[in-house]
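Novice: Below is the file upload00.pdb, with PDB, C-alpha atoms.
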```pdb
ATOM      1  CA  MET A1472       1.129   0.394 -24.349  1.00  0.00           C
ATOM      2  CA  ASP A1473      -1.830   2.475 -23.118  1.00  0.00           C
ATOM      3  CA  GLU A1474      -2.395  -0.015 -20.275  1.00  0.00           C
ATOM      4  CA  GLU A1475       1.229   0.376 -19.197  1.00  0.00           C
ATOM      5  CA  ILE A1476       0.944   4.163 -19.226  1.00  0.00           C
ATOM      6  CA  GLN A1477      -2.224   3.945 -17.114  1.00  0.00           C
ATOM      7  CA  PHE A1478      -0.450   1.554 -14.744  1.00  0.00           C
ATOM      8  CA  TYR A1479       2.317   4.114 -14.154  1.00  0.00           C
ATOM      9  CA  LEU A1480      -0.235   6.905 -13.605  1.00  0.00           C
ATOM     10  CA  ASP A1481      -2.134   4.776 -11.076  1.00  0.00           C
ATOM     11  CA  GLU A1482       1.120   3.888  -9.337  1.00  0.00           C
ATOM     12  CA  LEU A1483       2.029   7.588  -9.250  1.00  0.00           C
ATOM     13  CA  ALA A1484      -1.198   8.557  -7.459  1.00  0.00           C
ATOM     14  CA  GLU A1485      -0.857   5.718  -4.958  1.00  0.00           C
ATOM     15  CA  SER A1486       2.788   6.524  -4.152  1.00  0.00           C
ATOM     16  CA  MET A1487       2.127  10.239  -3.813  1.00  0.00           C
ATOM     17  CA  SER A1488      -0.842   9.686  -1.504  1.00  0.00           C
ATOM     18  CA  LYS A1489       1.405   7.508   0.686  1.00  0.00           C
ATOM     19  CA  ALA A1490       3.991  10.316   0.754  1.00  0.00           C
ATOM     20  CA  LEU A1491       1.272  12.792   1.790  1.00  0.00           C
ATOM     21  CA  ALA A1492       0.035  10.417   4.501  1.00  0.00           C
ATOM     22  CA  HIS A1493       3.601  10.165   5.821  1.00  0.00           C
ATOM     23  CA  VAL A1494       3.834  13.964   6.012  1.00  0.00           C
ATOM     24  CA  ASN A1495       0.538  14.029   7.955  1.00  0.00           C
ATOM     25  CA  VAL A1496       1.848  11.443  10.439  1.00  0.00           C
ATOM     26  CA  GLU A1497       5.106  13.339  10.956  1.00  0.00           C
ATOM     27  CA  MET A1498       3.235  16.614  11.452  1.00  0.00           C
ATOM     28  CA  SER A1499       0.945  15.032  14.044  1.00  0.00           C
ATOM     29  CA  ARG A1500       4.018  14.162  16.117  1.00  0.00           C
ATOM     30  CA  ILE A1501       5.034  17.816  16.399  1.00  0.00           C
ATOM     31  CA  ARG A1502       3.591  19.347  19.558  1.00  0.00           C
ATOM     32  CA  ALA A1503       1.239  22.224  18.794  1.00  0.00           C
ATOM     33  CA  GLY A1504       0.816  23.789  22.224  1.00  0.00           C
ATOM     34  CA  LYS A1505      -2.237  21.796  23.256  1.00  0.00           C
ATOM     35  CA  ALA A1506      -2.132  18.826  25.580  1.00  0.00           C
ATOM     36  CA  SER A1507      -2.510  15.606  23.633  1.00  0.00           C
ATOM     37  CA  PRO A1508      -2.402  11.968  24.778  1.00  0.00           C
ATOM     38  CA  ALA A1509      -0.083  11.340  21.795  1.00  0.00           C
ATOM     39  CA  MET A1510       2.615  13.299  23.666  1.00  0.00           C
ATOM     40  CA  LEU A1511       3.119  10.218  25.864  1.00  0.00           C
ATOM     41  CA  ASP A1512       3.298   7.666  23.023  1.00  0.00           C
ATOM     42  CA  GLY A1513       7.004   6.946  23.496  1.00  0.00           C
ATOM     43  CA  LEU A1514       6.790   6.670  27.283  1.00  0.00           C
ATOM     44  CA  ARG A1515       7.335   3.234  28.843  1.00  0.00           C
ATOM     45  CA  VAL A1516       6.446   2.295  32.426  1.00  0.00           C
ATOM     46  CA  ASP A1517       7.933  -0.467  34.583  1.00  0.00           C
ATOM     47  CA  TYR A1518       4.999  -2.889  34.737  1.00  0.00           C
ATOM     48  CA  TYR A1519       6.025  -5.722  37.059  1.00  0.00           C
ATOM     49  CA  GLY A1520       9.570  -5.735  35.687  1.00  0.00           C
ATOM     50  CA  THR A1521       8.675  -5.200  32.026  1.00  0.00           C
ATOM     51  CA  LEU A1522       8.921  -1.831  30.269  1.00  0.00           C
ATOM     52  CA  THR A1523       5.427  -1.390  28.823  1.00  0.00           C
ATOM     53  CA  PRO A1524       3.952   1.458  26.738  1.00  0.00           C
ATOM     54  CA  ILE A1525       1.891   3.700  28.999  1.00  0.00           C
ATOM     55  CA  SER A1526      -1.153   3.344  26.732  1.00  0.00           C
ATOM     56  CA  GLN A1527      -1.271  -0.391  27.571  1.00  0.00           C
ATOM     57  CA  ILE A1528      -1.572   0.103  31.319  1.00  0.00           C
ATOM     58  CA  ALA A1529      -3.561   3.343  31.639  1.00  0.00           C
ATOM     59  CA  ASN A1530      -6.268   5.532  30.150  1.00  0.00           C
ATOM     60  CA  ILE A1531      -4.903   8.914  29.023  1.00  0.00           C
ATOM     61  CA  THR A1532      -7.259  11.857  28.496  1.00  0.00           C
ATOM     62  CA  ALA A1533      -6.926  15.590  27.901  1.00  0.00           C
ATOM     63  CA  PRO A1534      -9.597  17.205  30.101  1.00  0.00           C
ATOM     64  CA  ASP A1535      -8.565  20.651  28.826  1.00  0.00           C
ATOM     65  CA  ALA A1536      -5.964  22.238  26.514  1.00  0.00           C
ATOM     66  CA  ARG A1537      -3.324  22.532  29.246  1.00  0.00           C
ATOM     67  CA  SER A1538      -3.464  19.206  31.088  1.00  0.00           C
ATOM     68  CA  LEU A1539      -3.425  15.442  30.736  1.00  0.00           C
ATOM     69  CA  LEU A1540      -5.014  12.950  33.113  1.00  0.00           C
ATOM     70  CA  ILE A1541      -3.537   9.465  33.319  1.00  0.00           C
ATOM     71  CA  LYS A1542      -5.647   6.827  35.098  1.00  0.00           C
ATOM     72  CA  PRO A1543      -3.849   3.486  35.430  1.00  0.00           C
ATOM     73  CA  TRP A1544      -6.139   0.469  35.428  1.00  0.00           C
ATOM     74  CA  GLU A1545      -4.346  -0.759  38.534  1.00  0.00           C
ATOM     75  CA  LYS A1546      -4.078   1.759  41.403  1.00  0.00           C
ATOM     76  CA  ASN A1547      -0.656   0.452  42.464  1.00  0.00           C
ATOM     77  CA  MET A1548       0.761   1.641  39.095  1.00  0.00           C
ATOM     78  CA  ILE A1549       0.139   5.339  39.865  1.00  0.00           C
ATOM     79  CA  SER A1550       3.569   5.792  41.484  1.00  0.00           C
ATOM     80  CA  GLU A1551       5.288   3.879  38.633  1.00  0.00           C
ATOM     81  CA  VAL A1552       3.619   6.146  36.034  1.00  0.00           C
ATOM     82  CA  ALA A1553       4.665   9.282  37.956  1.00  0.00           C
ATOM     83  CA  LYS A1554       8.234   7.966  38.252  1.00  0.00           C
ATOM     84  CA  ALA A1555       8.410   7.178  34.522  1.00  0.00           C
ATOM     85  CA  ILE A1556       7.230  10.699  33.637  1.00  0.00           C
ATOM     86  CA  LYS A1557       9.742  12.323  36.020  1.00  0.00           C
ATOM     87  CA  ASN A1558      12.596  10.258  34.548  1.00  0.00           C
ATOM     88  CA  SER A1559      11.593  10.940  30.928  1.00  0.00           C
ATOM     89  CA  ASP A1560      12.869  13.759  28.703  1.00  0.00           C
ATOM     90  CA  LEU A1561       9.379  15.345  28.527  1.00  0.00           C
ATOM     91  CA  GLY A1562      10.278  18.016  31.084  1.00  0.00           C
ATOM     92  CA  LEU A1563       6.897  17.668  32.798  1.00  0.00           C
ATOM     93  CA  ASN A1564       6.172  17.537  36.513  1.00  0.00           C
ATOM     94  CA  PRO A1565       3.566  14.872  37.399  1.00  0.00           C
ATOM     95  CA  VAL A1566       1.106  15.418  40.250  1.00  0.00           C
ATOM     96  CA  SER A1567      -0.391  12.184  41.569  1.00  0.00           C
ATOM     97  CA  ASP A1568      -3.434  11.564  43.743  1.00  0.00           C
ATOM     98  CA  ALA A1569      -5.663   8.561  44.570  1.00  0.00           C
ATOM     99  CA  GLU A1570      -7.260   8.620  41.102  1.00  0.00           C
ATOM    100  CA  GLY A1571      -4.222   8.921  38.857  1.00  0.00           C
ATOM    101  CA  VAL A1572      -1.559  11.289  37.587  1.00  0.00           C
ATOM    102  CA  ARG A1573      -2.210  14.806  36.332  1.00  0.00           C
ATOM    103  CA  LEU A1574       0.226  16.627  34.034  1.00  0.00           C
ATOM    104  CA  ASN A1575       0.061  20.376  33.573  1.00  0.00           C
ATOM    105  CA  ILE A1576       1.450  21.325  30.165  1.00  0.00           C
ATOM    106  CA  PRO A1577       3.231  24.686  30.280  1.00  0.00           C
ATOM    107  CA  ALA A1578       2.642  27.230  27.520  1.00  0.00           C
ATOM    108  CA  MET A1579       5.377  27.261  24.904  1.00  0.00           C
ATOM    109  CA  THR A1580       7.761  30.169  24.543  1.00  0.00           C
ATOM    110  CA  GLU A1581       7.956  32.133  21.312  1.00  0.00           C
ATOM    111  CA  GLU A1582      11.416  30.664  20.661  1.00  0.00           C
ATOM    112  CA  ARG A1583      10.131  27.093  21.086  1.00  0.00           C
ATOM    113  CA  ARG A1584       7.226  27.810  18.736  1.00  0.00           C
ATOM    114  CA  ARG A1585       9.665  29.047  16.074  1.00  0.00           C
ATOM    115  CA  GLU A1586      11.767  25.877  16.484  1.00  0.00           C
ATOM    116  CA  LEU A1587       8.668  23.730  15.973  1.00  0.00           C
ATOM    117  CA  VAL A1588       7.667  25.719  12.876  1.00  0.00           C
ATOM    118  CA  LYS A1589      11.163  25.136  11.495  1.00  0.00           C
ATOM    119  CA  GLN A1590      10.791  21.402  12.217  1.00  0.00           C
ATOM    120  CA  ALA A1591       7.393  21.393  10.452  1.00  0.00           C
ATOM    121  CA  LYS A1592       8.923  23.147   7.422  1.00  0.00           C
ATOM    122  CA  ASN A1593      11.676  20.521   7.292  1.00  0.00           C
ATOM    123  CA  GLU A1594       9.063  17.732   7.354  1.00  0.00           C
ATOM    124  CA  SER A1595       7.071  19.371   4.559  1.00  0.00           C
ATOM    125  CA  GLU A1596      10.198  19.854   2.460  1.00  0.00           C
ATOM    126  CA  ALA A1597      11.078  16.184   2.933  1.00  0.00           C
ATOM    127  CA  GLY A1598       7.554  15.318   1.753  1.00  0.00           C
ATOM    128  CA  LYS A1599       7.951  17.505  -1.348  1.00  0.00           C
ATOM    129  CA  VAL A1600      11.285  15.829  -2.113  1.00  0.00           C
ATOM    130  CA  ARG A1601       9.585  12.415  -1.902  1.00  0.00           C
ATOM    131  CA  VAL A1602       6.798  13.590  -4.254  1.00  0.00           C
ATOM    132  CA  ARG A1603       9.320  14.966  -6.762  1.00  0.00           C
ATOM    133  CA  GLY A1604      11.323  11.736  -6.588  1.00  0.00           C
ATOM    134  CA  ILE A1605       8.186   9.760  -7.431  1.00  0.00           C
ATOM    135  CA  ARG A1606       7.545  12.102 -10.372  1.00  0.00           C
ATOM    136  CA  LYS A1607      11.110  11.554 -11.627  1.00  0.00           C
ATOM    137  CA  ASP A1608      10.799   7.763 -11.417  1.00  0.00           C
ATOM    138  CA  VAL A1609       7.466   7.696 -13.272  1.00  0.00           C
ATOM    139  CA  ASN A1610       8.729  10.060 -15.984  1.00  0.00           C
ATOM    140  CA  GLU A1611      11.777   7.825 -16.495  1.00  0.00           C
ATOM    141  CA  SER A1612       9.483   4.809 -16.859  1.00  0.00           C
ATOM    142  CA  LEU A1613       7.353   6.691 -19.396  1.00  0.00           C
ATOM    143  CA  ARG A1614      10.457   7.580 -21.445  1.00  0.00           C
ATOM    144  CA  LYS A1615      11.420   3.901 -21.491  1.00  0.00           C
ATOM    145  CA  LEU A1616       7.978   3.136 -22.950  1.00  0.00           C
ATOM    146  CA  LEU A1617       8.648   5.737 -25.652  1.00  0.00           C
ATOM    147  CA  LYS A1618      11.827   3.844 -26.626  1.00  0.00           C
ATOM    148  CA  GLU A1619       9.823   0.603 -26.624  1.00  0.00           C
ATOM    149  CA  GLY A1620       7.441   1.992 -29.199  1.00  0.00           C
ATOM    150  CA  ALA A1621       4.735   3.898 -27.324  1.00  0.00           C
ATOM    151  CA  SER A1622       3.323   6.861 -29.228  1.00  0.00           C
ATOM    152  CA  GLU A1623       5.000  10.157 -28.506  1.00  0.00           C
ATOM    153  CA  ASP A1624       1.620  11.890 -28.032  1.00  0.00           C
ATOM    154  CA  ALA A1625       0.508   9.334 -25.429  1.00  0.00           C
ATOM    155  CA  VAL A1626       3.756   9.709 -23.463  1.00  0.00           C
ATOM    156  CA  LYS A1627       3.608  13.534 -23.672  1.00  0.00           C
ATOM    157  CA  SER A1628       0.008  13.478 -22.429  1.00  0.00           C
ATOM    158  CA  ALA A1629       0.973  11.140 -19.577  1.00  0.00           C
ATOM    159  CA  GLU A1630       3.898  13.397 -18.590  1.00  0.00           C
ATOM    160  CA  GLU A1631       1.501  16.352 -18.408  1.00  0.00           C
ATOM    161  CA  LYS A1632      -0.793  14.323 -16.125  1.00  0.00           C
ATOM    162  CA  VAL A1633       2.215  13.420 -13.998  1.00  0.00           C
ATOM    163  CA  GLN A1634       3.090  17.095 -13.616  1.00  0.00           C
ATOM    164  CA  LYS A1635      -0.499  18.054 -12.731  1.00  0.00           C
ATOM    165  CA  THR A1636      -0.648  15.293 -10.136  1.00  0.00           C
ATOM    166  CA  THR A1637       2.708  16.373  -8.716  1.00  0.00           C
ATOM    167  CA  ASP A1638       1.561  19.993  -8.475  1.00  0.00           C
ATOM    168  CA  SER A1639      -1.637  18.996  -6.667  1.00  0.00           C
ATOM    169  CA  TYR A1640       0.225  16.851  -4.112  1.00  0.00           C
ATOM    170  CA  ILE A1641       2.789  19.582  -3.473  1.00  0.00           C
ATOM    171  CA  ALA A1642      -0.117  21.993  -2.899  1.00  0.00           C
ATOM    172  CA  GLU A1643      -1.578  19.481  -0.401  1.00  0.00           C
ATOM    173  CA  VAL A1644       1.758  19.303   1.456  1.00  0.00           C
ATOM    174  CA  ASP A1645       1.769  23.123   1.604  1.00  0.00           C
ATOM    175  CA  LYS A1646      -1.773  23.079   3.051  1.00  0.00           C
ATOM    176  CA  VAL A1647      -0.717  20.592   5.735  1.00  0.00           C
ATOM    177  CA  LEU A1648       2.258  22.825   6.602  1.00  0.00           C
ATOM    178  CA  SER A1649       0.241  26.033   6.828  1.00  0.00           C
ATOM    179  CA  LYS A1650      -2.364  24.314   9.031  1.00  0.00           C
ATOM    180  CA  LYS A1651       0.359  23.001  11.365  1.00  0.00           C
ATOM    181  CA  GLU A1652       2.095  26.375  11.388  1.00  0.00           C
ATOM    182  CA  SER A1653      -1.079  28.144  12.497  1.00  0.00           C
ATOM    183  CA  GLU A1654      -1.676  25.449  15.167  1.00  0.00           C
ATOM    184  CA  ILE A1655       1.830  25.964  16.544  1.00  0.00           C
ATOM    185  CA  MET A1656       1.695  29.768  16.513  1.00  0.00           C
ATOM    186  CA  THR A1657      -1.798  29.983  18.074  1.00  0.00           C
ATOM    187  CA  ILE A1658      -1.406  30.738  21.756  1.00  0.00           C
TER     188      ILE A1658
END
```
Can you present the structure in this file as structure tokens?

Specialist:
Amino acid sequence: MDEEIQFYLDELAESMSKALAHVNVEMSRIRAGKASPAMLDGLRVDYYGTLTPISQIANITAPDARSLLIKPWEKNMISEVAKAIKNSDLGLNPVSDAEGVRLNIPAMTEERRRELVKQAKNESEAGKVRVRGIRKDVNESLRKLLKEGASEDAVKSAEEKVQKTTDSYIAEVDKVLSKKESEIMTI
């Protein structure tokens, strides 16, 4: 029975770390005021009749905090990249030259920053709900072991470990949120 309890505790840690990783990924998708090549991840460009992710036809860099530089590997794609950016929902105005396309990222308004903080809070709450759901599932499995003959002390001890693990992962989610919040609110 002790091996089964340990199995559930190991599974708990693995599942909760996956939930935390998911929160980190979702937070990275929220714009924080700085120019980032990741802002263009969803953008597709007409590459000889095929819609292709921009990262597969160009090099994207952030020379400073307020601009992006897109250098297509083929010079004839510069106009296609500019057209794709204009037609996208990014709300950015591309400036093209012989080298590539430059995007100036405007500073966010206070209202937009507050919206993004709200979005970040929603993502962190979803992460906490996932962590609590994992805790519930593991505790239910431990109670089943109790009915199957596991010692009450062993199950109680395991439930305490489950709660400590849950608390630590919820604290980690809170740290991720506060870091993202300060990134968003920093002008």

Novice: Suppose a student applies the PyMOL selection byres ((chain A and resi 1561) around 12) to this structure; what residues should they get, written as a list of chain:residue names?

Specialist: A:Arg1502, A:Met1510, A:Leu1511, A:Asp1512, A:Gly1513, A:Leu1514, A:Ala1555, A:Ile1556, A:Lys1557, A:Asn1558, A:Ser1559, A:Asp1560, A:Gly1562, A:Leu1563, A:Asn1564, A:Pro1565, A:Leu1574, A:Asn1575, A:Ile1576, A:Pro1577

Novice: Using only C-alpha atoms, determine which residues lie at most 12 Å from region 1540-1542 of chain A, disregarding the query and same-chain residues fewer than 4 positions distant; provide the list as a PyMOL selection string.

Specialist: chain A and resi 1506-1508+1511+1525-1536+1546-1553+1556+1565-1576

Novice: Figure out the distance between CA of Ile1476 (chain A) and CA of Ala1621 (chain A), please, to one decimal in Å.

Specialist: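 Separating CA of Ala1621 (chain A) from CA of Ile1476 (chain A) is a distance of 8.9 Å.
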
Novice: Residues within 9 Å of (5.8, 15.8, 16.6), file coordinates, counting only C-alpha atoms: what are they? Give the list as a list in words.

Specialist: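 So the residues meeting the distance criterion are Val1496, Glu1497, Met1498, Ser1499, Arg1500, Ile1501, Arg1502, Ala1503, Met1510, Leu1587, Gln1590 and Ala1591 of chain A.
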
Novice: I need the output of the PyMOL selection byres ((chain A and resi 1617) around 12) for this file as JSON, numbers by chain; which residues are they?

Specialist: {"A": [1472, 1473, 1475, 1476, 1610, 1611, 1612, 1613, 1614, 1615, 1616, 1618, 1619, 1620, 1621, 1622, 1623, 1624, 1625, 1626, 1627, 1629, 1630]}

Novice: Counting all atoms listed in the file, figure out which residue out of A:Val1633, A:Val1588, A:Leu1480, A:Leu1491 gets nearest to Met1656 (chain A).

Specialist: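 Using all atoms listed in the file, the shortest distance to Met1656 (chain A) belongs to A:Val1588.
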
Novice: Kindly indicate which residue among A:Ile1655, A:Ala1492, A:Val1516, A:Ala1484 lies nearest to Glu1581 (chain A), using all atoms listed in the file for the distances.

Specialist: A:Ile1655

Novice: For Thr1636 (chain A), which residue out of A:Gln1477, A:Ser1488, A:Thr1521, A:Ser1649 is the nearest one, using only C-alpha atoms?

Specialist: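 Comparing A:Gln1477, A:Ser1488, A:Thr1521, A:Ser1649 against Thr1636 (chain A), the winner is A:Ser1488.
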
Novice: Between CA of Glu1596 (chain A) and CA of Glu1582 (chain A), what is the distance, to one decimal in Å?

Specialist: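 For CA of Glu1596 (chain A) relative to CA of Glu1582 (chain A), the distance reads 21.2 Å.
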
Novice: To one decimal place in Å, what is the distance between CA of Glu1485 (chain A) and CA of Glu1631 (chain A)?

Specialist: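 Spanning CA of Glu1485 (chain A) to CA of Glu1631 (chain A) is a straight-line distance of 17.3 Å.
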
Novice: Using the chain letters and numbering of this document, enumerate as a short mmCIF file (atom, residue, chain, number, x, y, z; two decimals) with C-alpha atoms, in the frame of the given file the residues selected by the PyMOL selection byres ((chain A and resi 1641) around 9).

Specialist:
```
data_model
loop_
_atom_site.label_atom_id
_atom_site.label_comp_id
_atom_site.auth_asym_id
_atom_site.auth_seq_id
_atom_site.Cartn_x
_atom_site.Cartn_y
_atom_site.Cartn_z
CA LEU A 1491 1.27 12.79 1.79
CA GLY A 1598 7.55 15.32 1.75
CA LYS A 1599 7.95 17.50 -1.35
CA VAL A 1602 6.80 13.59 -4.25
CA ARG A 1603 9.32 14.97 -6.76
CA THR A 1636 -0.65 15.29 -10.14
CA THR A 1637 2.71 16.37 -8.72
CA ASP A 1638 1.56 19.99 -8.48
CA SER A 1639 -1.64 19.00 -6.67
CA TYR A 1640 0.22 16.85 -4.11
CA ALA A 1642 -0.12 21.99 -2.90
CA GLU A 1643 -1.58 19.48 -0.40
CA VAL A 1644 1.76 19.30 1.46
CA ASP A 1645 1.77 23.12 1.60
CA LYS A 1646 -1.77 23.08 3.05
#
```

Novice: Which one of A:Thr1657, A:Lys1632, A:Val1494, A:Pro1524 sits closest to Pro1543 (chain A) if you count only C-alpha atoms?

Specialist: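 Using only C-alpha atoms, Pro1543 (chain A) sits closest to A:Pro1524.
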